[in-house]
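*Asks:* Contents of target27.cif (mmCIF, C-alpha atoms and all ligand atoms) are below:
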```cif
data_entry
loop_
_atom_site.label_atom_id
_atom_site.label_comp_id
_atom_site.auth_asym_id
_atom_site.auth_seq_id
_atom_site.Cartn_x
_atom_site.Cartn_y
_atom_site.Cartn_z
CA MET A 694 8.22 -16.35 -3.25
CA THR A 695 6.99 -12.93 -4.33
CA THR A 696 4.12 -12.76 -6.79
CA LEU A 697 3.61 -9.61 -8.83
CA VAL A 698 -0.04 -9.04 -9.72
CA GLU A 699 -1.33 -6.26 -11.89
CA THR A 700 -5.07 -6.86 -12.03
CA ILE A 701 -7.77 -6.92 -9.38
CA GLU A 702 -8.92 -10.39 -10.54
CA ALA A 703 -5.42 -11.85 -10.03
CA LEU A 704 -5.17 -10.11 -6.69
CA ASP A 705 -8.57 -11.42 -5.59
CA GLN A 706 -7.52 -14.97 -6.51
CA ARG A 707 -4.44 -14.69 -4.31
CA LEU A 708 -6.22 -12.95 -1.46
CA ALA A 709 -9.37 -15.13 -1.34
CA PRO A 710 -7.78 -18.05 0.57
CA LEU A 711 -6.03 -15.61 2.91
CA HIS A 712 -9.30 -13.87 3.74
CA GLN A 713 -10.96 -17.29 4.17
CA GLN A 714 -8.30 -18.38 6.65
CA ALA A 715 -8.69 -15.01 8.40
CA SER A 716 -4.96 -14.34 7.88
CA THR A 717 -3.68 -11.02 9.14
CA ILE A 718 -2.98 -9.11 5.96
CA GLY A 719 -0.62 -6.16 6.31
CA LEU A 720 -0.64 -3.56 3.54
CA VAL A 721 2.32 -1.32 2.77
CA PRO A 722 1.07 1.27 0.26
CA THR A 723 3.89 2.89 -1.72
CA MET A 724 4.56 4.75 -4.91
CA GLY A 725 7.63 2.60 -5.59
CA ALA A 726 11.26 3.73 -5.79
CA LEU A 727 11.60 1.71 -2.62
CA HIS A 728 14.41 2.52 -0.20
CA ARG A 729 15.45 1.53 3.32
CA GLY A 730 12.58 3.58 4.76
CA HIS A 731 10.08 1.41 2.89
CA ALA A 732 12.05 -1.67 3.93
CA ALA A 733 11.45 -0.63 7.56
CA LEU A 734 7.68 -0.46 6.90
CA ILE A 735 7.76 -3.87 5.22
CA GLU A 736 9.86 -5.42 8.00
CA GLN A 737 7.48 -4.14 10.66
CA ALA A 738 4.49 -5.43 8.65
CA LYS A 739 6.21 -8.82 8.34
CA ARG A 740 6.75 -8.99 12.09
CA GLU A 741 3.13 -8.14 12.86
CA CYS A 742 1.14 -9.81 10.06
CA SER A 743 1.00 -13.27 8.54
CA GLU A 744 0.87 -11.94 4.95
CA VAL A 745 2.27 -8.71 3.54
CA VAL A 746 1.02 -6.97 0.41
CA VAL A 747 3.12 -4.14 -0.99
CA ASN A 748 1.26 -1.83 -3.30
CA ILE A 749 3.23 0.08 -5.91
CA PHE A 750 1.26 2.78 -7.67
CA VAL A 751 2.29 6.29 -8.65
CA ASN A 752 -1.06 7.88 -7.95
CA PRO A 753 -1.76 10.70 -10.43
CA LEU A 754 -4.58 12.02 -8.26
CA GLN A 755 -2.16 13.26 -5.60
CA PHE A 756 0.19 15.22 -7.87
CA ASP A 757 -0.64 18.90 -8.05
CA ARG A 758 2.20 19.53 -10.50
CA LYS A 759 2.40 17.64 -13.78
CA GLU A 760 6.23 17.81 -13.93
CA ASP A 761 6.42 16.17 -10.51
CA LEU A 762 4.26 13.26 -11.69
CA GLN A 763 6.32 12.82 -14.85
CA ARG A 764 9.58 13.00 -12.97
CA TYR A 765 8.60 10.65 -10.17
CA PRO A 766 11.05 7.70 -10.28
CA ARG A 767 9.59 4.45 -11.61
CA MET A 768 11.62 1.26 -11.16
CA LEU A 769 9.20 -1.65 -10.82
CA GLU A 770 11.76 -4.36 -11.50
CA SER A 771 14.19 -3.37 -8.78
CA ASP A 772 11.28 -2.64 -6.41
CA VAL A 773 9.95 -6.17 -6.90
CA ASP A 774 13.50 -7.49 -6.38
CA LEU A 775 13.72 -5.70 -3.06
CA CYS A 776 10.30 -7.07 -2.04
CA ARG A 777 11.56 -10.54 -2.94
CA ARG A 778 14.64 -10.08 -0.77
CA LEU A 779 12.44 -8.91 2.08
CA GLY A 780 10.18 -11.96 1.73
CA VAL A 781 7.03 -10.08 0.66
CA GLY A 782 4.33 -12.48 -0.60
CA LEU A 783 2.42 -10.20 -2.95
CA VAL A 784 3.18 -7.02 -4.86
CA PHE A 785 0.17 -5.26 -6.37
CA ALA A 786 1.16 -2.85 -9.12
CA PRO A 787 -1.96 -1.74 -10.97
CA ALA A 788 -1.98 0.46 -14.08
CA VAL A 789 -3.51 3.92 -13.87
CA SER A 790 -6.30 2.77 -16.21
CA LEU A 791 -7.20 0.03 -13.74
CA MET A 792 -7.33 2.30 -10.70
CA TYR A 793 -9.03 5.14 -12.57
CA PRO A 794 -10.91 3.87 -15.63
CA ASP A 795 -12.68 7.25 -15.44
CA PRO A 796 -11.61 10.31 -13.50
CA PRO A 797 -13.27 9.74 -10.09
CA THR A 798 -16.26 11.92 -9.27
CA VAL A 799 -16.58 10.76 -5.68
CA GLY A 800 -13.60 11.00 -3.36
CA ILE A 801 -12.57 11.65 0.22
CA SER A 802 -12.64 15.20 1.55
CA ILE A 803 -10.30 16.04 4.40
CA GLY A 804 -11.68 19.37 5.61
CA ARG A 805 -9.52 21.53 7.83
CA LEU A 806 -6.80 18.86 8.13
CA GLY A 807 -5.59 20.10 4.77
CA ASN A 808 -5.59 23.82 5.57
CA HIS A 809 -1.95 24.08 6.73
CA LEU A 810 1.48 22.57 6.08
CA CYS A 811 1.71 20.76 2.72
CA GLY A 812 -2.07 20.78 2.33
CA ALA A 813 -2.12 24.56 2.00
CA ARG A 814 0.52 24.49 -0.74
CA ARG A 815 -0.53 21.42 -2.70
CA PRO A 816 -4.22 21.79 -3.61
CA GLY A 817 -5.97 18.43 -3.88
CA HIS A 818 -2.90 16.44 -2.83
CA PHE A 819 -4.26 14.91 0.37
CA GLU A 820 -7.71 14.34 -1.08
CA GLY A 821 -5.87 12.33 -3.77
CA VAL A 822 -3.88 10.41 -1.16
CA ALA A 823 -6.92 9.69 1.00
CA THR A 824 -8.97 8.59 -2.01
CA VAL A 825 -6.35 6.14 -3.31
CA VAL A 826 -5.73 4.75 0.18
CA ALA A 827 -9.49 4.24 0.66
CA LYS A 828 -9.60 2.43 -2.70
CA LEU A 829 -6.66 0.22 -1.67
CA PHE A 830 -8.32 -0.61 1.63
CA ASN A 831 -11.44 -1.67 -0.27
CA ILE A 832 -9.53 -3.67 -2.88
CA ILE A 833 -7.13 -5.45 -0.49
CA ARG A 834 -9.08 -5.41 2.79
CA PRO A 835 -5.96 -5.46 5.00
CA ARG A 836 -6.12 -5.80 8.78
CA CYS A 837 -3.22 -3.36 9.23
CA ALA A 838 -1.68 -0.68 7.00
CA TYR A 839 1.79 0.83 7.46
CA PHE A 840 2.76 4.45 6.81
CA GLY A 841 5.93 6.43 7.52
CA GLU A 842 5.83 9.07 10.24
CA LYS A 843 7.91 11.32 7.96
CA ASP A 844 4.72 12.20 6.09
CA ALA A 845 3.13 13.37 9.33
CA GLN A 846 0.19 15.22 7.76
CA GLN A 847 -0.59 12.23 5.53
CA LEU A 848 -0.51 9.89 8.52
CA ALA A 849 -2.79 12.15 10.60
CA ILE A 850 -5.27 12.39 7.69
CA ILE A 851 -5.33 8.64 7.09
CA ARG A 852 -5.83 7.97 10.80
CA ARG A 853 -8.75 10.42 10.80
CA MET A 854 -10.21 8.92 7.63
CA VAL A 855 -10.17 5.46 9.18
CA MET A 856 -11.79 6.79 12.33
CA ASN A 857 -14.43 8.93 10.59
CA LEU A 858 -15.38 6.25 8.05
CA ASN A 859 -15.05 3.29 10.46
CA ALA A 860 -12.67 1.55 8.08
CA PRO A 861 -11.77 -1.84 9.60
CA VAL A 862 -8.01 -1.20 9.36
CA VAL A 863 -5.40 -0.56 12.03
CA VAL A 864 -3.12 2.27 10.88
CA VAL A 865 0.47 1.81 12.02
CA GLY A 866 2.92 4.72 11.94
CA VAL A 867 6.58 3.75 11.51
CA PRO A 868 9.38 6.08 12.70
CA THR A 869 11.37 7.95 10.04
CA LEU A 870 14.65 6.39 8.95
CA ARG A 871 17.51 8.84 8.53
CA ALA A 872 20.90 8.92 6.90
CA ALA A 873 23.88 9.36 9.25
CA ASP A 874 23.70 13.15 8.76
CA GLY A 875 20.02 13.20 9.72
CA LEU A 876 18.44 13.54 6.25
CA ALA A 877 15.13 11.65 6.21
CA LEU A 878 15.15 8.86 3.63
CA SER A 879 12.87 9.69 0.72
CA SER A 880 12.47 8.62 -2.91
CA ARG A 881 13.01 12.26 -3.81
CA ASN A 882 16.56 12.28 -2.42
CA GLN A 883 17.75 10.60 -5.58
CA HIS A 884 17.06 13.83 -7.50
CA LEU A 885 19.66 15.69 -5.42
CA SER A 886 23.03 16.46 -7.00
CA PRO A 887 26.06 15.70 -4.76
CA SER A 888 26.28 19.33 -3.62
CA GLU A 889 22.51 19.54 -3.00
CA ARG A 890 22.74 16.31 -1.01
CA GLN A 891 25.28 18.00 1.23
CA GLN A 892 22.93 20.94 1.81
CA ALA A 893 19.77 18.87 2.34
CA PRO A 894 20.31 18.03 6.07
CA ILE A 895 19.73 21.71 6.86
CA LEU A 896 16.01 20.84 7.03
CA ILE A 897 16.40 18.43 9.95
CA GLN A 898 18.88 20.82 11.58
CA VAL A 899 16.24 23.56 11.51
CA LEU A 900 13.63 21.19 12.95
CA ARG A 901 15.98 20.07 15.71
CA GLU A 902 16.78 23.66 16.56
CA ALA A 903 13.04 24.36 16.84
CA GLU A 904 12.74 21.29 19.06
CA ARG A 905 15.63 22.51 21.25
CA LEU A 906 14.02 25.94 21.64
CA ILE A 907 10.67 24.44 22.55
CA ARG A 908 12.19 22.00 25.04
CA SER A 909 14.09 24.81 26.69
CA GLY A 910 10.94 26.83 27.25
CA THR A 911 10.33 29.12 24.25
CA THR A 912 6.55 29.19 23.95
CA ASP A 913 6.05 31.75 21.19
CA PRO A 914 5.75 29.73 17.94
CA ALA A 915 6.66 32.73 15.77
CA LEU A 916 9.87 33.22 17.74
CA VAL A 917 10.74 29.52 17.48
CA VAL A 918 10.21 29.60 13.72
CA ARG A 919 12.15 32.83 13.22
CA THR A 920 15.12 31.69 15.32
CA ALA A 921 15.30 28.19 13.81
CA LEU A 922 15.17 29.59 10.27
CA GLU A 923 18.30 31.64 10.97
CA LEU A 924 20.20 28.39 10.41
CA VAL A 925 19.32 28.37 6.71
CA PRO A 926 22.24 29.91 4.85
CA PRO A 927 21.42 32.57 2.25
CA ASP A 928 21.79 30.46 -0.87
CA ARG A 929 19.79 30.82 -4.01
CA GLY A 930 19.45 27.04 -4.24
CA LEU A 931 17.68 26.78 -0.86
CA LYS A 932 14.13 27.97 -0.42
CA VAL A 933 12.06 27.33 2.68
CA GLU A 934 8.48 26.71 1.60
CA TYR A 935 7.19 26.63 5.14
CA LEU A 936 8.08 25.90 8.73
CA GLU A 937 4.99 25.59 10.91
CA ILE A 938 4.09 24.52 14.42
CA VAL A 939 0.72 22.82 14.72
CA ASP A 940 -1.11 20.54 17.11
CA PRO A 941 -0.44 16.96 16.03
CA ARG A 942 -4.09 15.83 15.82
CA GLU A 943 -5.98 18.72 14.28
CA LEU A 944 -2.99 20.12 12.37
CA GLN A 945 -3.93 23.70 13.29
CA PRO A 946 -1.31 26.33 14.23
CA VAL A 947 -0.87 26.77 17.97
CA GLU A 948 -0.78 30.19 19.61
CA VAL A 949 1.39 29.05 22.52
CA VAL A 950 3.65 26.03 22.63
CA ASP A 951 2.57 24.57 25.97
CA ASP A 952 1.96 20.96 24.91
CA ARG A 953 3.05 18.40 22.33
CA VAL A 954 3.35 19.92 18.87
CA LEU A 955 4.24 18.89 15.36
CA VAL A 956 6.96 21.03 13.86
CA ALA A 957 6.96 20.47 10.10
CA GLY A 958 8.81 22.04 7.23
CA ALA A 959 9.28 21.89 3.48
CA LEU A 960 12.50 22.98 1.85
CA TRP A 961 13.32 23.30 -1.82
CA VAL A 962 16.88 22.23 -2.54
CA GLY A 963 17.34 23.22 -6.16
CA SER A 964 14.32 21.74 -7.90
CA THR A 965 13.69 19.05 -5.28
CA ARG A 966 11.14 19.57 -2.55
CA LEU A 967 11.95 17.87 0.73
CA ILE A 968 9.67 17.56 3.74
CA ASP A 969 10.35 16.49 7.29
CA SER A 970 8.90 16.93 10.77
CA VAL A 971 9.45 16.27 14.45
CA ILE A 972 7.03 15.87 17.34
CA CYS A 973 8.18 17.58 20.50
CA GLY A 974 7.01 19.55 23.50
CA PRO A 975 8.25 21.64 26.43
CA ALA A 976 10.47 19.79 28.92
CA GLY A 977 8.40 17.27 30.85
CA THR A 978 5.83 16.74 28.05
CA GLU A 979 5.32 13.18 26.84
CA VAL A 980 6.09 12.94 23.12
O1 LIG A 1001 3.28 7.99 0.94
C1 LIG A 1001 3.10 7.60 -0.22
O2 LIG A 1001 3.99 7.03 -0.86
C2 LIG A 1001 1.76 7.82 -0.90
O3 LIG A 1001 1.22 9.06 -0.57
C3 LIG A 1001 0.75 6.70 -0.66
C4 LIG A 1001 0.36 6.59 0.81
C5 LIG A 1001 1.33 5.38 -1.13
C6 LIG A 1001 -0.55 6.96 -1.44
O4 LIG A 1001 -0.30 7.03 -2.81
#
```
Can you turn what I pasted into structure tokens?
*Replies:*
Amino acid sequence: MTTLVETIEALDQRLAPLHQQASTIGLVPTMGALHRGHAALIEQAKRECSEVVVNIFVNPLQFDRKEDLQRYPRMLESDVDLCRRLGVGLVFAPAVSLMYPDPPTVGISIGRLGNHLCGARRPGHFEGVATVVAKLFNIIRPRCAYFGEKDAQQLAIIRRMVMNLNAPVVVVGVPTLRAADGLALSSRNQHLSPSERQQAPILIQVLREAERLIRSGTTDPALVVRTALELVPPDRGLKVEYLEIVDPRELQPVEVVDDRVLVAGALWVGSTRLIDSVICGPAGTEV
């Protein structure tokens, strides 16, 4: 049975016996519009934990553009249905006024981890993500929390937050699920028109080309980026926001690709912004 709770009191009532029995609580934080990618997070949490809590909250603090927040898909009923089918015990879907009765004054700062990739283009986004995740950790007190590897910068920042603040949570990264043509599953894909959907896999094709170049010995990151971007057809509907090669822990650009790297990109397809990434390295590197 899945219980939907919308207040912290109701959540506490449900969680108290679980904490008392020292159950392993697994948290899957989401902004809803759940798809197969989220189902993979939930399924992994179910395999590894005795209780799973799915959080559904479209967090205004992490939206740098108002239109994006307004347009973000909201479909609580079908999300709860999916959780029910997946055997999730608890869904926590708080209102904005509950999470932020006042605009928060104190939050999490992420330092240089936000200086590149999406962080450089979306001011305040990752501070907003880290702050809401810290709040959720405090409210739910999970043993483990599950995040998709697709949002590689987010995952690296949350791992660092947990380490730097000694949060008693194990962060689990779950591999990206892809459609047959390689497009990473994302709630944003539903904004794509049929013709945009056909163009969208160009992002993963560019990333795989970068990976191929790196594996075959190209060490100059600028050359990798330039060559991989040649795959993007000149089309007014496609705009590459960035393609960057950084070290996977510190998220800083590398001067030479001689070790494991994170290749990450953001592509606008019409008015939809897609992100994706791969971790790779020169032949012989462990990835
Ligand atoms: O990845 C997301 O959906 C969100 O950034 C998260 C982690 C749920 C925080 O709002």
*Asks:* Residues within 10 Å of Leu779 (chain A), please, as a count of residues only. Count all atoms listed in the file; anything in the same chain fewer than 4 positions from it doesn't count.
*Replies:* 9
*Asks:* Taking (0.5, 9.3, 6.1) in the file's own coordinates, collect the residues within 10 Å, counting only C-alpha atoms, and hand them back as a PDB file with C-alpha atoms, keeping the file's coordinate frame.
*Replies:*
```
ATOM      1  CA  PRO A 722       1.070   1.270   0.260  1.00  0.00           C
ATOM      2  CA  PHE A 819      -4.260  14.910   0.370  1.00  0.00           C
ATOM      3  CA  VAL A 822      -3.880  10.410  -1.160  1.00  0.00           C
ATOM      4  CA  ALA A 823      -6.920   9.690   1.000  1.00  0.00           C
ATOM      5  CA  VAL A 826      -5.730   4.750   0.180  1.00  0.00           C
ATOM      6  CA  TYR A 839       1.790   0.830   7.460  1.00  0.00           C
ATOM      7  CA  PHE A 840       2.760   4.450   6.810  1.00  0.00           C
ATOM      8  CA  GLY A 841       5.930   6.430   7.520  1.00  0.00           C
ATOM      9  CA  GLU A 842       5.830   9.070  10.240  1.00  0.00           C
ATOM     10  CA  LYS A 843       7.910  11.320   7.960  1.00  0.00           C
ATOM     11  CA  ASP A 844       4.720  12.200   6.090  1.00  0.00           C
ATOM     12  CA  ALA A 845       3.130  13.370   9.330  1.00  0.00           C
ATOM     13  CA  GLN A 846       0.190  15.220   7.760  1.00  0.00           C
ATOM     14  CA  GLN A 847      -0.590  12.230   5.530  1.00  0.00           C
ATOM     15  CA  LEU A 848      -0.510   9.890   8.520  1.00  0.00           C
ATOM     16  CA  ALA A 849      -2.790  12.150  10.600  1.00  0.00           C
ATOM     17  CA  ILE A 850      -5.270  12.390   7.690  1.00  0.00           C
ATOM     18  CA  ILE A 851      -5.330   8.640   7.090  1.00  0.00           C
ATOM     19  CA  ARG A 852      -5.830   7.970  10.800  1.00  0.00           C
ATOM     20  CA  VAL A 864      -3.120   2.270  10.880  1.00  0.00           C
ATOM     21  CA  VAL A 865       0.470   1.810  12.020  1.00  0.00           C
ATOM     22  CA  GLY A 866       2.920   4.720  11.940  1.00  0.00           C
ATOM     23  CA  VAL A 867       6.580   3.750  11.510  1.00  0.00           C
TER      24      VAL A 867
END
```
*Asks:* Can you tell me which residues surround region 887-901 of chain A at a distance of at most 8 Å, considering all atoms listed in the file, apart from same-chain residues fewer than 6 positions away, and format the answer as a PyMOL selection string?
*Replies:* chain A and resi 874-877+921-922+924-925+956-960+962-963+968-971
*Asks:* Show me, as a list of chain:residue names, the residues that have an atom within 10 Å of Leu858 (chain A) when counting all atoms listed in the file, minus same-chain residues fewer than 5 positions from it.
*Replies:*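 The neighbour list is A:Ile801, A:Ala827, A:Arg853.
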*Asks:* From the set A:Asn831, A:Thr869, A:Thr798, A:Thr824, which residue has the shortest atom-to-atom contact distance to Gln755 (chain A), counting all atoms listed in the file?
*Replies:*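 Looking at the shortest contact to Gln755 (chain A), the residue is A:Thr824.
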*Asks:* Give as number ranges by chain each residue that has an atom at most 10 Å from (15.0, 24.8, 21.1) in the file, counting all atoms listed in the file.
*Replies:* A: 899-912, 917, 920-921, 973-975
*Asks:* Closest to ligand LIG 1001 (chain A) among A:Glu820, A:Asp772, A:Glu702, A:Glu760, using only C-alpha atoms and all ligand atoms?
*Replies:* A:Glu820
*Asks:* Do a neighbour search on Ser964 (chain A) at 12 Å with all atoms listed in the file, toss out local chain neighbours closer than 5 positions, and write the hits as a ChimeraX atom specification.
*Replies:* /A:760-761,764,881-886,889,893,929-932
*Asks:* Hey, what's within 12 Å of Thr700 (chain A) if we count all atoms listed in the file and toss same-chain stuff fewer than 3 positions away? As a CSV table (one decimal) with C-alpha atoms, in the coordinates of the input, please?
*Replies:*
```
chain,number,residue,atom,x,y,z
A,697,LEU,CA,3.6,-9.6,-8.8
A,703,ALA,CA,-5.4,-11.8,-10.0
A,704,LEU,CA,-5.2,-10.1,-6.7
A,705,ASP,CA,-8.6,-11.4,-5.6
A,706,GLN,CA,-7.5,-15.0,-6.5
A,707,ARG,CA,-4.4,-14.7,-4.3
A,748,ASN,CA,1.3,-1.8,-3.3
A,784,VAL,CA,3.2,-7.0,-4.9
A,785,PHE,CA,0.2,-5.3,-6.4
A,786,ALA,CA,1.2,-2.8,-9.1
A,787,PRO,CA,-2.0,-1.7,-11.0
A,788,ALA,CA,-2.0,0.5,-14.1
A,789,VAL,CA,-3.5,3.9,-13.9
A,790,SER,CA,-6.3,2.8,-16.2
A,791,LEU,CA,-7.2,0.0,-13.7
A,792,MET,CA,-7.3,2.3,-10.7
A,832,ILE,CA,-9.5,-3.7,-2.9
A,833,ILE,CA,-7.1,-5.4,-0.5
```
*Asks:* Return region 818-828 of chain A, completed with all heavy atoms, as a PDB file, in the coordinates of the input.
*Replies:*
```
ATOM      1  N   HIS A 818      -3.856  17.537  -3.064  1.00  0.00           N
ATOM      2  CA  HIS A 818      -2.900  16.440  -2.830  1.00  0.00           C
ATOM      3  C   HIS A 818      -3.443  15.410  -1.827  1.00  0.00           C
ATOM      4  O   HIS A 818      -3.517  14.213  -2.125  1.00  0.00           O
ATOM      5  CB  HIS A 818      -1.572  17.023  -2.326  1.00  0.00           C
ATOM      6  CG  HIS A 818      -0.628  15.997  -1.787  1.00  0.00           C
ATOM      7  ND1 HIS A 818      -0.032  15.048  -2.593  1.00  0.00           N
ATOM      8  CD2 HIS A 818      -0.187  15.733  -0.520  1.00  0.00           C
ATOM      9  CE1 HIS A 818       0.737  14.264  -1.848  1.00  0.00           C
ATOM     10  NE2 HIS A 818       0.656  14.658  -0.595  1.00  0.00           N
ATOM     11  N   PHE A 819      -3.864  15.881  -0.654  1.00  0.00           N
ATOM     12  CA  PHE A 819      -4.260  14.910   0.370  1.00  0.00           C
ATOM     13  C   PHE A 819      -5.614  14.272   0.078  1.00  0.00           C
ATOM     14  O   PHE A 819      -5.862  13.144   0.505  1.00  0.00           O
ATOM     15  CB  PHE A 819      -4.223  15.548   1.765  1.00  0.00           C
ATOM     16  CG  PHE A 819      -2.812  15.767   2.251  1.00  0.00           C
ATOM     17  CD1 PHE A 819      -2.326  17.043   2.469  1.00  0.00           C
ATOM     18  CD2 PHE A 819      -1.962  14.693   2.449  1.00  0.00           C
ATOM     19  CE1 PHE A 819      -1.017  17.241   2.895  1.00  0.00           C
ATOM     20  CE2 PHE A 819      -0.651  14.880   2.872  1.00  0.00           C
ATOM     21  CZ  PHE A 819      -0.180  16.161   3.099  1.00  0.00           C
ATOM     22  N   GLU A 820      -6.463  14.982  -0.654  1.00  0.00           N
ATOM     23  CA  GLU A 820      -7.710  14.340  -1.080  1.00  0.00           C
ATOM     24  C   GLU A 820      -7.341  13.153  -2.004  1.00  0.00           C
ATOM     25  O   GLU A 820      -7.929  12.074  -1.928  1.00  0.00           O
ATOM     26  CB  GLU A 820      -8.617  15.305  -1.853  1.00  0.00           C
ATOM     27  CG  GLU A 820      -9.369  16.288  -0.982  1.00  0.00           C
ATOM     28  CD  GLU A 820      -8.545  17.515  -0.583  1.00  0.00           C
ATOM     29  OE1 GLU A 820      -7.346  17.591  -0.946  1.00  0.00           O
ATOM     30  OE2 GLU A 820      -9.107  18.391   0.102  1.00  0.00           O
ATOM     31  N   GLY A 821      -6.332  13.392  -2.860  1.00  0.00           N
ATOM     32  CA  GLY A 821      -5.870  12.330  -3.770  1.00  0.00           C
ATOM     33  C   GLY A 821      -5.264  11.170  -3.012  1.00  0.00           C
ATOM     34  O   GLY A 821      -5.497  10.003  -3.346  1.00  0.00           O
ATOM     35  N   VAL A 822      -4.484  11.479  -1.979  1.00  0.00           N
ATOM     36  CA  VAL A 822      -3.880  10.410  -1.160  1.00  0.00           C
ATOM     37  C   VAL A 822      -4.986   9.626  -0.453  1.00  0.00           C
ATOM     38  O   VAL A 822      -5.033   8.397  -0.498  1.00  0.00           O
ATOM     39  CB  VAL A 822      -2.902  11.005  -0.106  1.00  0.00           C
ATOM     40  CG1 VAL A 822      -2.479   9.941   0.893  1.00  0.00           C
ATOM     41  CG2 VAL A 822      -1.681  11.642  -0.765  1.00  0.00           C
ATOM     42  N   ALA A 823      -5.886  10.365   0.212  1.00  0.00           N
ATOM     43  CA  ALA A 823      -6.920   9.690   1.000  1.00  0.00           C
ATOM     44  C   ALA A 823      -7.800   8.830   0.090  1.00  0.00           C
ATOM     45  O   ALA A 823      -8.180   7.707   0.448  1.00  0.00           O
ATOM     46  CB  ALA A 823      -7.766  10.726   1.750  1.00  0.00           C
ATOM     47  N   THR A 824      -8.096   9.342  -1.101  1.00  0.00           N
ATOM     48  CA  THR A 824      -8.970   8.590  -2.010  1.00  0.00           C
ATOM     49  C   THR A 824      -8.280   7.306  -2.465  1.00  0.00           C
ATOM     50  O   THR A 824      -8.887   6.228  -2.451  1.00  0.00           O
ATOM     51  CB  THR A 824      -9.363   9.481  -3.211  1.00  0.00           C
ATOM     52  OG1 THR A 824     -10.054  10.617  -2.688  1.00  0.00           O
ATOM     53  CG2 THR A 824     -10.251   8.740  -4.193  1.00  0.00           C
ATOM     54  N   VAL A 825      -7.003   7.378  -2.838  1.00  0.00           N
ATOM     55  CA  VAL A 825      -6.350   6.140  -3.310  1.00  0.00           C
ATOM     56  C   VAL A 825      -6.178   5.160  -2.156  1.00  0.00           C
ATOM     57  O   VAL A 825      -6.341   3.948  -2.338  1.00  0.00           O
ATOM     58  CB  VAL A 825      -5.011   6.428  -4.039  1.00  0.00           C
ATOM     59  CG1 VAL A 825      -3.862   6.677  -3.082  1.00  0.00           C
ATOM     60  CG2 VAL A 825      -4.663   5.279  -4.971  1.00  0.00           C
ATOM     61  N   VAL A 826      -5.900   5.664  -0.959  1.00  0.00           N
ATOM     62  CA  VAL A 826      -5.730   4.750   0.180  1.00  0.00           C
ATOM     63  C   VAL A 826      -7.072   4.077   0.497  1.00  0.00           C
ATOM     64  O   VAL A 826      -7.132   2.871   0.759  1.00  0.00           O
ATOM     65  CB  VAL A 826      -5.128   5.489   1.398  1.00  0.00           C
ATOM     66  CG1 VAL A 826      -5.173   4.622   2.647  1.00  0.00           C
ATOM     67  CG2 VAL A 826      -3.675   5.903   1.107  1.00  0.00           C
ATOM     68  N   ALA A 827      -8.162   4.839   0.416  1.00  0.00           N
ATOM     69  CA  ALA A 827      -9.490   4.240   0.660  1.00  0.00           C
ATOM     70  C   ALA A 827      -9.760   3.157  -0.389  1.00  0.00           C
ATOM     71  O   ALA A 827     -10.273   2.076  -0.072  1.00  0.00           O
ATOM     72  CB  ALA A 827     -10.569   5.316   0.618  1.00  0.00           C
ATOM     73  N   LYS A 828      -9.400   3.434  -1.639  1.00  0.00           N
ATOM     74  CA  LYS A 828      -9.600   2.430  -2.700  1.00  0.00           C
ATOM     75  C   LYS A 828      -8.778   1.161  -2.382  1.00  0.00           C
ATOM     76  O   LYS A 828      -9.262   0.040  -2.499  1.00  0.00           O
ATOM     77  CB  LYS A 828      -9.172   2.997  -4.062  1.00  0.00           C
ATOM     78  CG  LYS A 828     -10.211   3.943  -4.670  1.00  0.00           C
ATOM     79  CD  LYS A 828      -9.633   4.716  -5.841  1.00  0.00           C
ATOM     80  CE  LYS A 828      -9.465   3.921  -7.115  1.00  0.00           C
ATOM     81  NZ  LYS A 828     -10.719   3.649  -7.833  1.00  0.00           N
TER      82      LYS A 828
END
```
